[in-house]
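Listing of start-v3.txt, compact mmCIF, C-alpha atoms
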# COMPACT_ATOMS: atom_id res chain seq x y z
CA MET A 1 0.61 -5.81 23.85
CA LYS A 2 1.90 -2.29 24.35
CA ILE A 3 0.54 -0.22 21.48
CA LEU A 4 1.20 3.38 20.43
CA ILE A 5 -1.64 5.05 18.54
CA ILE A 6 -0.75 8.20 16.64
CA GLY A 7 -3.72 10.46 15.99
CA ALA A 8 -5.54 8.82 18.90
CA SER A 9 -7.84 11.78 19.43
CA GLY A 10 -9.17 11.77 15.87
CA THR A 11 -12.38 10.24 14.54
CA ILE A 12 -10.59 7.08 13.43
CA GLY A 13 -7.88 6.99 16.10
CA SER A 14 -10.33 7.27 18.99
CA ARG A 15 -12.33 4.25 17.76
CA VAL A 16 -9.16 2.26 17.16
CA THR A 17 -8.09 3.13 20.69
CA ALA A 18 -11.45 1.99 22.05
CA ALA A 19 -11.22 -1.27 20.11
CA LEU A 20 -7.72 -2.09 21.36
CA GLU A 21 -7.61 -0.80 24.92
CA SER A 22 -9.83 -3.48 26.42
CA ASN A 23 -7.16 -6.10 25.73
CA HIS A 24 -3.96 -4.09 25.43
CA GLN A 25 -1.96 -1.29 26.98
CA VAL A 26 -2.62 1.66 24.67
CA ILE A 27 -0.56 4.86 24.64
CA ARG A 28 -2.15 7.84 22.89
CA ALA A 29 0.04 10.13 20.80
CA GLY A 30 -0.81 13.27 18.87
CA LYS A 31 0.60 16.56 17.74
CA ASP A 32 -1.30 18.50 20.38
CA SER A 33 -3.02 15.83 22.41
CA GLY A 34 -2.52 12.46 24.08
CA GLU A 35 0.03 11.22 26.58
CA VAL A 36 2.93 11.59 24.13
CA SER A 37 3.56 14.48 21.74
CA LEU A 38 4.39 13.31 18.20
CA ASP A 39 4.51 15.44 15.04
CA LEU A 40 4.46 12.99 12.14
CA SER A 41 6.08 15.49 9.76
CA ASN A 42 9.15 15.80 12.00
CA PRO A 43 11.52 12.79 12.20
CA GLU A 44 13.12 14.07 15.41
CA SER A 45 9.71 14.33 17.05
CA ILE A 46 8.97 10.74 15.99
CA ARG A 47 12.26 9.53 17.46
CA GLN A 48 11.77 11.42 20.70
CA ALA A 49 8.24 10.12 21.17
CA LEU A 50 9.16 6.50 20.44
CA SER A 51 12.19 6.57 22.71
CA GLN A 52 9.93 7.73 25.57
CA VAL A 53 7.58 4.76 25.31
CA ALA A 54 9.72 1.94 23.89
CA PRO A 55 9.76 -1.00 23.70
CA LEU A 56 6.48 -1.35 21.82
CA ASP A 57 4.61 -4.28 20.30
CA ALA A 58 2.61 -2.25 17.81
CA ILE A 59 2.48 1.21 16.31
CA VAL A 60 -0.72 2.44 14.67
CA CYS A 61 -0.75 5.62 12.60
CA ALA A 62 -4.17 7.19 12.13
CA ALA A 63 -2.69 10.53 11.12
CA GLY A 64 -1.10 12.06 8.02
CA ALA A 65 -2.04 15.32 6.31
CA VAL A 66 -2.44 15.97 2.60
CA ALA A 67 -3.60 18.99 0.57
CA PHE A 68 -6.77 19.09 -1.54
CA ASN A 69 -6.97 21.30 -4.62
CA GLN A 70 -7.62 21.24 -8.36
CA PHE A 71 -4.66 19.68 -10.13
CA ASP A 72 -3.87 22.77 -12.19
CA LYS A 73 -3.70 24.84 -9.00
CA LEU A 74 -1.77 22.40 -6.78
CA SER A 75 1.48 24.11 -5.78
CA ARG A 76 4.69 22.39 -4.73
CA GLU A 77 4.04 23.72 -1.22
CA GLU A 78 0.70 21.90 -1.21
CA TRP A 79 2.30 18.73 -2.55
CA ASP A 80 4.99 19.03 0.15
CA LEU A 81 2.35 19.06 2.90
CA GLY A 82 1.43 15.50 1.93
CA ILE A 83 4.96 14.44 0.96
CA ASN A 84 6.25 15.38 4.41
CA SER A 85 3.31 13.98 6.40
CA ARG A 86 1.19 11.33 4.62
CA LEU A 87 4.17 9.92 2.71
CA MET A 88 7.50 10.57 4.40
CA GLY A 89 5.90 10.93 7.83
CA GLN A 90 4.71 7.33 7.61
CA VAL A 91 7.93 6.19 5.90
CA ASN A 92 9.99 7.78 8.68
CA LEU A 93 7.68 6.29 11.30
CA THR A 94 8.33 2.85 9.81
CA GLN A 95 12.09 3.36 9.59
CA ILE A 96 12.45 4.78 13.11
CA GLY A 97 9.71 2.55 14.55
CA THR A 98 11.66 -0.54 13.52
CA GLU A 99 14.28 0.37 16.11
CA PHE A 100 11.75 0.56 18.94
CA LEU A 101 9.53 -2.48 18.28
CA ASN A 102 9.86 -5.85 19.96
CA ASP A 103 10.44 -8.92 17.78
CA GLY A 104 7.28 -9.75 15.86
CA GLY A 105 5.87 -6.26 16.34
CA SER A 106 3.76 -4.44 13.80
CA ILE A 107 3.28 -1.06 12.18
CA THR A 108 -0.10 -0.08 10.75
CA LEU A 109 -0.28 2.89 8.40
CA THR A 110 -3.22 4.73 6.83
CA SER A 111 -3.90 5.54 3.18
CA GLY A 112 -7.42 6.09 1.81
CA ILE A 113 -9.96 5.16 -0.83
CA ILE A 114 -8.91 8.06 -3.09
CA ALA A 115 -5.91 5.93 -4.12
CA ASP A 116 -8.37 3.71 -6.00
CA HIS A 117 -11.35 5.95 -6.65
CA PRO A 118 -10.56 9.51 -7.77
CA ILE A 119 -12.50 12.47 -6.38
CA ALA A 120 -12.38 16.16 -7.28
CA MET A 121 -9.45 17.98 -5.63
CA GLY A 122 -7.95 14.59 -4.74
CA THR A 123 -4.95 14.14 -7.06
CA SER A 124 -2.32 14.65 -4.36
CA ALA A 125 -4.18 12.38 -1.93
CA ALA A 126 -4.56 9.68 -4.60
CA THR A 127 -0.86 9.84 -5.42
CA LEU A 128 0.44 9.76 -1.85
CA ASN A 129 -2.10 7.21 -0.59
CA GLY A 130 -1.06 4.97 -3.45
CA ALA A 131 2.58 5.55 -2.61
CA ILE A 132 2.08 4.34 0.97
CA GLU A 133 0.39 1.15 -0.21
CA HIS A 134 3.27 0.30 -2.55
CA PHE A 135 5.75 1.28 0.18
CA ALA A 136 4.23 -1.19 2.64
CA LYS A 137 4.17 -3.99 0.08
CA ALA A 138 7.86 -3.48 -0.65
CA VAL A 139 9.24 -2.74 2.80
CA ALA A 140 7.43 -5.70 4.36
CA GLN A 141 9.94 -7.93 2.53
CA GLU A 142 12.84 -6.17 4.19
CA LEU A 143 11.85 -5.60 7.81
CA PRO A 144 13.93 -7.62 10.31
CA ARG A 145 12.95 -9.74 13.36
CA GLY A 146 9.50 -10.76 12.13
CA LEU A 147 8.26 -7.18 12.12
CA ARG A 148 5.13 -6.62 10.04
CA VAL A 149 3.71 -3.58 8.26
CA ASN A 150 0.25 -3.09 6.76
CA VAL A 151 -1.91 -0.24 5.52
CA VAL A 152 -5.58 0.46 6.17
CA SER A 153 -7.37 2.31 3.34
CA PRO A 154 -10.65 3.77 4.65
CA THR A 155 -13.52 5.17 2.65
CA VAL A 156 -15.11 8.31 4.12
CA VAL A 157 -16.05 7.67 7.74
CA THR A 158 -19.77 8.02 8.61
CA GLU A 159 -18.96 10.22 11.60
CA SER A 160 -17.10 12.64 9.26
CA LEU A 161 -19.80 12.93 6.60
CA ALA A 162 -20.90 16.35 7.87
CA VAL A 163 -17.40 17.66 7.18
CA TYR A 164 -16.15 15.57 4.23
CA GLY A 165 -19.32 14.14 2.73
CA ASP A 166 -19.45 16.65 -0.14
CA TYR A 167 -16.05 15.45 -1.33
CA PHE A 168 -17.40 11.89 -1.67
CA PRO A 169 -20.70 12.13 -3.57
CA GLY A 170 -22.38 8.74 -3.76
CA PHE A 171 -19.65 6.95 -1.84
CA HIS A 172 -20.65 4.41 0.79
CA SER A 173 -19.30 5.49 4.17
CA ILE A 174 -18.02 3.21 6.92
CA ASP A 175 -18.79 3.57 10.61
CA ALA A 176 -15.63 4.23 12.63
CA LYS A 177 -16.26 1.18 14.81
CA ASP A 178 -16.34 -1.06 11.71
CA LEU A 179 -13.24 0.61 10.28
CA ALA A 180 -11.43 -0.04 13.58
CA LEU A 181 -11.63 -3.77 12.80
CA SER A 182 -9.15 -3.35 9.94
CA TYR A 183 -6.61 -1.81 12.31
CA LEU A 184 -7.26 -4.58 14.85
CA ARG A 185 -6.72 -7.18 12.11
CA SER A 186 -3.38 -5.62 11.21
CA VAL A 187 -2.23 -5.44 14.85
CA GLN A 188 -3.41 -8.85 16.03
CA GLY A 189 -3.24 -10.85 12.77
CA ILE A 190 -0.29 -12.41 10.99
CA GLU A 191 -0.41 -10.66 7.60
CA THR A 192 2.23 -8.26 6.32
CA GLY A 193 2.67 -6.01 3.30
CA GLN A 194 -1.10 -5.83 2.85
CA THR A 195 -3.51 -2.99 2.26
CA PHE A 196 -6.82 -3.63 3.99
CA LYS A 197 -9.37 -1.79 1.88
CA ALA A 198 -12.09 -0.69 4.25
CA HIS A 199 -14.38 0.50 1.49
CA ALA A 200 -16.88 -2.20 0.67
CA GLY A 201 -19.56 -1.22 -1.84
CA ASN A 202 -17.49 1.46 -3.56
CA MET B 1 1.88 14.23 -34.55
CA LYS B 2 4.58 16.40 -33.02
CA ILE B 3 6.02 14.43 -30.11
CA LEU B 4 8.55 15.39 -27.44
CA ILE B 5 10.52 12.49 -25.98
CA ILE B 6 12.30 13.14 -22.69
CA GLY B 7 15.22 10.82 -22.07
CA ALA B 8 15.43 10.15 -25.81
CA SER B 9 19.07 9.07 -25.66
CA GLY B 10 18.44 6.34 -23.08
CA THR B 11 17.98 2.62 -23.63
CA ILE B 12 14.20 2.93 -23.54
CA GLY B 13 13.89 6.44 -25.00
CA SER B 14 15.98 5.67 -28.06
CA ARG B 15 13.78 2.68 -28.99
CA VAL B 16 10.61 4.70 -28.37
CA THR B 17 12.05 7.39 -30.63
CA ALA B 18 12.80 4.80 -33.32
CA ALA B 19 9.29 3.38 -33.07
CA LEU B 20 7.60 6.78 -33.40
CA GLU B 21 9.78 8.75 -35.79
CA SER B 22 8.80 6.86 -38.93
CA ASN B 23 5.26 8.26 -38.68
CA HIS B 24 5.66 11.37 -36.55
CA GLN B 25 7.79 14.44 -35.98
CA VAL B 26 9.88 13.54 -32.94
CA ILE B 27 11.83 16.06 -30.86
CA ARG B 28 14.49 14.62 -28.57
CA ALA B 29 14.95 16.11 -25.10
CA GLY B 30 17.41 15.27 -22.35
CA LYS B 31 19.35 16.76 -19.51
CA ASP B 32 22.61 16.76 -21.46
CA SER B 33 21.59 15.52 -24.90
CA GLY B 34 19.00 15.91 -27.63
CA GLU B 35 17.69 18.92 -29.49
CA VAL B 36 16.13 20.44 -26.37
CA SER B 37 17.63 20.61 -22.88
CA LEU B 38 15.19 19.48 -20.17
CA ASP B 39 16.00 18.69 -16.53
CA LEU B 40 12.99 16.79 -15.19
CA SER B 41 13.79 17.72 -11.59
CA ASN B 42 13.55 21.44 -12.37
CA PRO B 43 10.07 22.87 -13.14
CA GLU B 44 11.56 25.97 -14.77
CA SER B 45 13.63 23.81 -17.09
CA ILE B 46 10.48 21.86 -18.03
CA ARG B 47 8.59 25.08 -18.77
CA GLN B 48 11.43 26.53 -20.81
CA ALA B 49 11.85 23.37 -22.89
CA LEU B 50 8.13 22.99 -23.58
CA SER B 51 7.71 26.65 -24.52
CA GLN B 52 10.49 26.22 -27.11
CA VAL B 53 8.76 23.38 -28.94
CA ALA B 54 5.03 23.96 -28.33
CA PRO B 55 2.42 23.23 -29.48
CA LEU B 56 2.81 19.46 -29.06
CA ASP B 57 0.54 16.48 -29.66
CA ALA B 58 2.30 14.12 -27.27
CA ILE B 59 4.89 14.16 -24.52
CA VAL B 60 6.70 10.95 -23.60
CA CYS B 61 8.81 10.75 -20.46
CA ALA B 62 11.38 7.95 -20.42
CA ALA B 63 13.36 9.56 -17.63
CA GLY B 64 13.13 9.94 -13.85
CA ALA B 65 15.77 9.13 -11.27
CA VAL B 66 15.33 7.28 -7.99
CA ALA B 67 17.77 6.08 -5.31
CA PHE B 68 18.45 2.44 -4.45
CA ASN B 69 19.48 1.41 -0.96
CA GLN B 70 18.53 -0.80 1.96
CA PHE B 71 15.46 0.60 3.68
CA ASP B 72 17.18 1.10 7.03
CA LYS B 73 19.90 3.14 5.30
CA LEU B 74 17.72 5.22 2.96
CA SER B 75 18.23 8.88 3.88
CA ARG B 76 15.81 11.71 3.22
CA GLU B 77 18.30 13.02 0.67
CA GLU B 78 18.05 9.71 -1.19
CA TRP B 79 14.26 9.76 -0.96
CA ASP B 80 14.30 13.34 -2.27
CA LEU B 81 16.21 12.29 -5.39
CA GLY B 82 13.20 10.24 -6.44
CA ILE B 83 10.59 12.61 -4.99
CA ASN B 84 11.97 15.48 -7.08
CA SER B 85 12.53 13.47 -10.27
CA ARG B 86 10.53 10.24 -10.62
CA LEU B 87 7.53 11.63 -8.71
CA MET B 88 7.32 15.42 -8.79
CA GLY B 89 9.32 15.66 -12.03
CA GLN B 90 6.61 13.67 -13.80
CA VAL B 91 3.82 15.44 -11.87
CA ASN B 92 5.25 18.82 -12.87
CA LEU B 93 5.69 17.63 -16.45
CA THR B 94 1.99 16.74 -16.51
CA GLN B 95 0.89 20.02 -14.94
CA ILE B 96 3.07 22.20 -17.16
CA GLY B 97 2.66 19.96 -20.21
CA THR B 98 -1.10 20.46 -20.11
CA GLU B 99 -0.53 24.09 -21.07
CA PHE B 100 1.51 23.19 -24.15
CA LEU B 101 -0.46 20.28 -25.63
CA ASN B 102 -2.99 20.52 -28.45
CA ASP B 103 -6.55 19.34 -27.76
CA GLY B 104 -6.63 15.56 -27.49
CA GLY B 105 -2.91 15.37 -26.80
CA SER B 106 -1.29 12.84 -24.50
CA ILE B 107 1.32 12.50 -21.81
CA THR B 108 3.05 9.16 -21.22
CA LEU B 109 4.96 8.67 -17.98
CA THR B 110 7.22 5.86 -16.76
CA SER B 111 7.06 3.84 -13.53
CA GLY B 112 8.50 0.32 -13.21
CA ILE B 113 7.86 -3.25 -12.20
CA ILE B 114 9.27 -2.67 -8.70
CA ALA B 115 5.92 -1.03 -7.85
CA ASP B 116 4.37 -4.50 -8.01
CA HIS B 117 7.30 -6.84 -7.39
CA PRO B 118 9.71 -5.83 -4.61
CA ILE B 119 13.47 -6.20 -5.10
CA ALA B 120 16.33 -5.65 -2.66
CA MET B 121 17.26 -1.96 -2.35
CA GLY B 122 14.03 -1.03 -4.13
CA THR B 123 11.73 0.42 -1.45
CA SER B 124 11.99 4.01 -2.67
CA ALA B 125 11.50 2.94 -6.30
CA ALA B 126 8.48 0.81 -5.37
CA THR B 127 6.91 3.68 -3.45
CA LEU B 128 7.45 6.36 -6.09
CA ASN B 129 6.63 4.13 -9.07
CA GLY B 130 3.38 3.23 -7.34
CA ALA B 131 2.72 6.91 -6.64
CA ILE B 132 2.99 7.76 -10.35
CA GLU B 133 0.52 5.02 -11.29
CA HIS B 134 -2.07 6.29 -8.82
CA PHE B 135 -1.35 9.86 -9.91
CA ALA B 136 -2.14 9.07 -13.55
CA LYS B 137 -5.33 7.22 -12.65
CA ALA B 138 -6.56 10.22 -10.66
CA VAL B 139 -5.39 13.12 -12.80
CA ALA B 140 -6.75 11.55 -16.00
CA GLN B 141 -10.24 12.38 -14.67
CA GLU B 142 -9.32 16.04 -14.37
CA LEU B 143 -7.33 16.93 -17.48
CA PRO B 144 -9.10 19.36 -19.84
CA ARG B 145 -9.61 19.36 -23.63
CA GLY B 146 -9.53 15.61 -24.13
CA LEU B 147 -5.94 15.35 -22.91
CA ARG B 148 -4.86 11.86 -21.88
CA VAL B 149 -2.25 10.55 -19.47
CA ASN B 150 -0.93 7.01 -19.08
CA VAL B 151 2.00 5.25 -17.45
CA VAL B 152 4.25 2.52 -18.82
CA SER B 153 5.68 0.15 -16.19
CA PRO B 154 8.64 -1.76 -17.65
CA THR B 155 10.34 -4.81 -16.23
CA VAL B 156 14.14 -4.81 -16.57
CA VAL B 157 15.09 -4.17 -20.19
CA THR B 158 17.11 -6.90 -21.92
CA GLU B 159 19.64 -4.38 -23.21
CA SER B 160 20.25 -3.23 -19.59
CA LEU B 161 20.76 -6.68 -18.07
CA ALA B 162 24.54 -6.25 -17.95
CA VAL B 163 24.10 -3.23 -15.70
CA TYR B 164 20.88 -3.94 -13.77
CA GLY B 165 20.41 -7.68 -14.13
CA ASP B 166 21.75 -8.47 -10.66
CA TYR B 167 19.00 -6.34 -9.11
CA PHE B 168 16.34 -8.49 -10.83
CA PRO B 169 17.25 -12.14 -10.15
CA GLY B 170 14.91 -14.46 -12.01
CA PHE B 171 12.89 -11.67 -13.58
CA HIS B 172 11.92 -11.98 -17.23
CA SER B 173 13.36 -9.06 -19.18
CA ILE B 174 11.73 -7.27 -22.08
CA ASP B 175 13.50 -6.23 -25.28
CA ALA B 176 13.46 -2.45 -25.69
CA LYS B 177 11.75 -2.75 -29.07
CA ASP B 178 8.87 -4.69 -27.49
CA LEU B 179 8.66 -2.25 -24.58
CA ALA B 180 8.41 0.61 -27.08
CA LEU B 181 5.02 -0.78 -28.14
CA SER B 182 3.51 0.20 -24.78
CA TYR B 183 4.60 3.81 -25.32
CA LEU B 184 3.24 3.72 -28.88
CA ARG B 185 -0.08 2.38 -27.56
CA SER B 186 -0.32 5.23 -25.07
CA VAL B 187 0.52 7.89 -27.70
CA GLN B 188 -1.60 6.58 -30.57
CA GLY B 189 -4.41 4.83 -28.67
CA ILE B 190 -7.47 6.23 -26.93
CA GLU B 191 -6.96 5.03 -23.35
CA THR B 192 -6.30 7.32 -20.39
CA GLY B 193 -5.48 6.90 -16.71
CA GLN B 194 -4.00 3.48 -17.40
CA THR B 195 -0.76 1.78 -16.42
CA PHE B 196 0.52 -0.46 -19.18
CA LYS B 197 2.46 -3.18 -17.38
CA ALA B 198 5.22 -4.23 -19.75
CA HIS B 199 6.28 -7.15 -17.60
CA ALA B 200 4.66 -10.32 -18.87
CA GLY B 201 5.78 -13.50 -17.16
CA ASN B 202 6.75 -11.85 -13.89

Could you render the structure as structure tokens?
Amino acid sequence: MKILIIGASGTIGSRVTAALESNHQVIRAGKDSGEVSLDLSNPESIRQALSQVAPLDAIVCAAGAVAFNQFDKLSREEWDLGINSRLMGQVNLTQIGTEFLNDGGSITLTSGIIADHPIAMGTSAATLNGAIEHFAKAVAQELPRGLRVNVVSPTVVTESLAVYGDYFPGFHSIDAKDLALSYLRSVQGIETGQTFKAHAGN
Amino acid sequence: MKILIIGASGTIGSRVTAALESNHQVIRAGKDSGEVSLDLSNPESIRQALSQVAPLDAIVCAAGAVAFNQFDKLSREEWDLGINSRLMGQVNLTQIGTEFLNDGGSITLTSGIIADHPIAMGTSAATLNGAIEHFAKAVAQELPRGLRVNVVSPTVVTESLAVYGDYFPGFHSIDAKDLALSYLRSVQGIETGQTFKAHAGN
């Protein structure tokens, strides 16, 4: 398969890349890194990147920003960060990606455990992660040509505990190499409209 | 209790009003109707309306627009209709409403069955309804002074079948008077962070 990985230089994306590149042709995309430049918050950037590398068999998104703050302090600007990236970035990627995928291709998006398990400062993330999971469930029924779409919902990644661990007190982390299996399952499996919750024990 | 009902002239809102006004002081709000003018898509309108009628014991939102279209034709403008009303309208109502509610007060929001059961043209509704359910679950952990927040998720209302029935082929409808019970449960009960799924049989 020819697979585009968005956010390929990140903690998650780099392990997903490692898991897939032994058996597939992997193209790395990122805002400021990789072989292809792709800014998830910009639909024109998505279209330009995909048109450079099409046709594809799979698109994996391990990117998507969202703001963290107390609910009473969350501004519309902070909400819009996530609305334009985590939510509409991945929605646009799915809509535009559909044009550039071969029959039977797949799109794998990323949400996160906060959709199910609230943390301090996490209201916007919970809302927009949840949105993406319901989006995938719905849009999977509508995609043409056997295209599939799934979501991976990670808990905090072990390799990121030094940075994000304080946000997730008492949460079980997952090693990035184990998390990568959920992405591999979405790409190589047959399921669609699913959210693979990579947060056992929580 | 002193209760503000937004969308009080609608099919759902009018039955919720009827169910609550025998035991409570109900104030009707709407964009172009009711005792108080409130445009859910405009945070300043929300603040102005609430400041006119505060303090309140409960706020019920039976409003919130969203666009319906095929996924491949959904434009950002159509997404924004729902983002600014169904999603951020209800988020803003919760954020601003918190300032105007008495201790132990409640906010009741509205999502819809499409979050769980996809229908044609319904991808944006599914996404934003789901977002509101995850929002309430998360923000309920953060609200101060014993404030509560819940969501009611209706199936298609029997009284609306003539207009919306074709969108919901084979779905069981709910009579508005039965649906009103879920709103009453949210206002008068003790639960918080919940989504009351008023769609038995589906």

Practice problem: Give me the residues within 10 Å of Ser186 in chain A as a PyMOL selection string, counting all atoms listed in the file and dropping any in the same chain fewer than 6 places off. | Solution: chain A and resi 58+60+106-109+148-152+192-196

Self-check item: Counting all atoms listed in the file, chain B residues within 9 Å of chain A, as a ChimeraX atom specification
Solution: /B:70-74,76,79,83,88,92,95-96,98,114-139,141-143

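What separates CA of Ala8 in chain B from CA of Glu191 in chain B is a distance of 23.1 Å.
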
Exercise. In Å, rounded to a single decimal, give me how far CA of Gln25 in chain A is from CA of Arg185 in chain A.
Key: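 Atom-to-atom, CA of Arg185 in chain A and CA of Gln25 in chain A are spaced 16.7 Å apart.
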
Quiz item: Interatomic distance between CA of Ile46 in chain B and CA of Gly7 in chain B?
Solution: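 Value for the CA of Ile46 in chain B-CA of Gly7 in chain B distance: 12.7 Å.
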
List every protein, DNA or RNA residue with an atom no more than 8 Å from (2.1, 10.9, 6.3) in the file's coordinates, counting all atoms listed in the file, and format the result as a CSV table (one decimal) with C-alpha atoms, keeping the file's coordinate frame.
chain,number,residue,atom,x,y,z
A,40,LEU,CA,4.5,13.0,12.1
A,41,SER,CA,6.1,15.5,9.8
A,63,ALA,CA,-2.7,10.5,11.1
A,64,GLY,CA,-1.1,12.1,8.0
A,65,ALA,CA,-2.0,15.3,6.3
A,66,VAL,CA,-2.4,16.0,2.6
A,82,GLY,CA,1.4,15.5,1.9
A,83,ILE,CA,5.0,14.4,1.0
A,84,ASN,CA,6.2,15.4,4.4
A,85,SER,CA,3.3,14.0,6.4
A,86,ARG,CA,1.2,11.3,4.6
A,87,LEU,CA,4.2,9.9,2.7
A,88,MET,CA,7.5,10.6,4.4
A,89,GLY,CA,5.9,10.9,7.8
A,90,GLN,CA,4.7,7.3,7.6
A,91,VAL,CA,7.9,6.2,5.9

Practice problem: Excluding range 175-179 of chain B and residues on its chain fewer than 6 positions from it, collect all residues at most 10 Å away from it, counting all atoms listed in the file, and give them as a ChimeraX atom specification. | Solution: /B:11-16,18-19,152-160,196-199

Exercise. Fewer than 4 positions away in the same chain doesn't count, so skip those; otherwise give me all residues within 8 Å of Leu4 in chain A, counting all atoms listed in the file, as an MDAnalysis selection string.
Key: chainID A and resid 26:29 56 58:60

How big is the axis-aligned box around all listed atoms of range 175-190 of chain A once 4 Å goes on each side, and where's its centre, in Å to one decimal, as lines of an AutoDock Vina configuration file?
center_x = -9.5
center_y = -4.1
center_z = 13.0
size_x = 26.5
size_y = 24.6
size_z = 14.1
